[in-house]
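Q: First, the structure itself, so that you have it in front of you.
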Amino acid sequence: MFLQHVIAPMQKNSCRYLVILTFVYSSFFHGHLAIAATSDLSPSRYYPTDIILLNCGSFGNSTALDDRGWMGDVGSKFTSSRLLNQTSVSAKAPHSHGFSIDPVPYMTVRFFRSPFTYTFHVKPGQKFIRLHFYPASFPGFERSEAFFSVKAGPYTLLSNFSPSHTADALGVKVLVKEFSVNINDNQRSINITFLPSSNARKDAFAFINGIEIVSMPANLYYPRSRDIDVSSSGHQHDFLIKKNTALEAVHRLNVGGSYISPNNDSGMFRSWLEDTNYLLESGGVLVNTTQRIRSTRIPNYIAPAQVYRTARSVGMDKEVNMRYNLTWKLPVDPGFKYLVRLHFCAFQGQTKKSGNRKFHIYINNETAEANADVITWSGGNGIPIYRDYVVFIQKGNPHLVIALLPNSDSKTRYSEAILNGLEIFKIKKSDGSLPRPSPVPVPFPAPQPAIFWHSSRFIAIGWSALGGVALLSIIVVIVLCWRRLGKSKKREVLSVPKEQCRQFSLAEIRAATNNFNKALVIGEGGFGRVFKGYIN
C-alpha cells in the first residue's frame, strides 16, 4: 500500500524515444460499484467500539513508538495461563534484532508446535484484524521452518503461510497482514487459531508477535445495498458483496503524498504508503495544504484529509499531457476477485465546473470509466469522493495495472487525469478462504517507466529451442526515424546509426521477462515464443 507525485516529463533528452511493450492481461473486469452519498454530519475521526492490541509473548502493558498501548498475552483474558504454558513458548529477541524495528510488538513472540486459539470478546459488527510478524530465528525455532495457517471464526486468513519467505521476497523485516471480517449480531466473540503445517513439514511451527482488532464503521468497505449495480464496458451486472464477506487489504496508497502512520489515520489505525515503488509512468505531484476538505458526499473518516490534499496528475498542457498517462502496477495473487477503491478530490482552481476535466480509467486494460469527471461525481472543489470497482485476476497474471489517461475525444477545457488515493482488497472465495496456494508472493522489482497507449517503437522478446539447447533471439528496438533526404523522390533504404540503437543484454532481457516466465508468453512466432515484459 503506497503513493506520491510532481510534474516531470518522461524524457530527459531533447530527442524523445518512446518504448512500448506488448501487454496482454487475462483479467476480467467486473465493474463499478454504485456508492450512495452520505451527509456531511459525520465526524472527522472515527472512534472504534473495540480496540485490542495484544503483544504476544509479553507480560503487562507496553507502549509502542507511536504511543499506542499494547497488553501482554501472559495473564490476559484472551487465553488461559495453563494453555499458554503447556502448548506454547514465548521468547524475547536480543537487542541487536531491534535496530530500526519497533520493540512493541516485534521484540516478543509466541511460538506454537500445535494448534492454539485466542478468544477475543468483541461487539458485533465489522472489524479489522491485523496480524504482526517479525520472522527472526530463535534457539529451537529456525525462521525458515515456520509454516502455518490462521483461521478467524469461519474464515481461513492464511494457509501454509511462510513469514520468512514472504518478508524476504518483499525485502522487508516485518509484516502486517490486515483483514476485514464481520461479527454477526448473535456473536459476542471471535476465535483466532494458529495451526502449524506439521502434516506437510515435520518441524513446522507457528508464531505471532502481535494481534490487533479494531472496529470499523458500518459499510466502510461494504456498501449499504445488498445487490450492487455494477456497470462494465456499458453492460450492467449485479455483484453481491455481503456484509459477511472477508477482505484482505493488499495495497493502501497515499497517491502523491508521504507515508501516513496509523496514528494519523482517521481513527482506524490504517497505514497509507507512498506509491513510488509501484509507478510505471508518473505524472506531477499536486499539493494543496490549505484546501478545505468538505465531506458532503462521503463520511470524513473514509480516508484522512492528507490523502485528499495531494494527488498525482499528468498536468494541464494538452500539447504535452496527451502523450502520457498515470500507471501503477501492483502485485496481487491470481485467481481472486479484487475490490479496487480509487479516491479523488479536485482542488485546483482551474477545474471548478463539471466538464473541465475528463479522463479514462483502465484496470488491466479494461475500461472502468470512459469519461471520469471528478467535479461531476463530487459536486465541487475540495469535496472528496471515491469509486469502487471489482476485477477478477485470472491465474497466470500476478499483477493488477491501473492506468489513467486524458480523454482526447472529449471537448474539455483541460485534458488531464488525477488520482489522490488507492486501496485494493482481495475478496474471499466462496469457501471462505483468502490465502493464495503458495505462501511466497511474486517478487516485485523496482518499476521502470513505460508507456502503454502512446508509442512509436515496439520491443518483442523471443526464444526457441533446438536440440535441447535454448537459442535466445532478441528483436531489439526498431526505431522509425524519418528523414527528408533532399528533394529526391527515390526511396532509399536507411540504416539507423548504431549509436542511436539501444542494445539489451541477456541479463536485462531475463529481468524484463522474469527469467522467461511462461506466464508472460503472448504467442509463438518464427523465432519461437514471444514474451511481454517491462524494460527501461
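Labels used: A, B, ... for chains in the order of the C-alpha cells, numbers from 1 for residues in each chain, and numbers from 1 for ligands as shown.
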When you look at stretch 379-385 of chain A with a cut-off of 6 Å (counting only C-alpha atoms), what residues show up, excluding the ones that are within fewer than 3 positions of it in the same chain? I need them as a VMD selection string.

A: chain A and resid 293 to 295 344 to 347 352 375 to 376

Q: Can you pull out every residue from stretch 143-305 of chain A that DSSP, working from the backbone, puts in strand (DSSP E or B), and format the result as a PyMOL selection string?

A: chain A and resi 146+148-152+155-161+175-183+189-196+205-208+210-215+227-232+235-240+247-254+260+272-273+279-281+284-287

Q: Tell me which of A:Pro163, A:Gly432, A:Pro115, A:Pro217 sits closest to A:Pro135, counting only C-alpha atoms.

A: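 Closest to A:Pro135 of all the choices is A:Pro163.
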
Q: Can you pull out the residues contacting A:Arg252? Cut-off 8 Å, using only C-alpha atoms, and skip same-chain residues under 3 positions away; I want them as a ChimeraX atom specification.

A: /A:1-2,249,271-273,421-424

Q: Excluding stretch 179-193 of chain A and any residue of its chain fewer than 5 positions from it, enumerate the residues within 9 Å of it, using only C-alpha atoms, and give them as number ranges by chain.

A: A: 115-131, 149-153, 155, 157, 216, 221, 243-249, 425

Q: Determine, counting only C-alpha atoms, which protein, DNA and RNA residues have an atom within 9 Å of an atom of A:Arg143; residues of the same chain fewer than 4 positions away are not included. Present the result as a PyMOL selection string.

A: chain A and resi 135-138+162-164
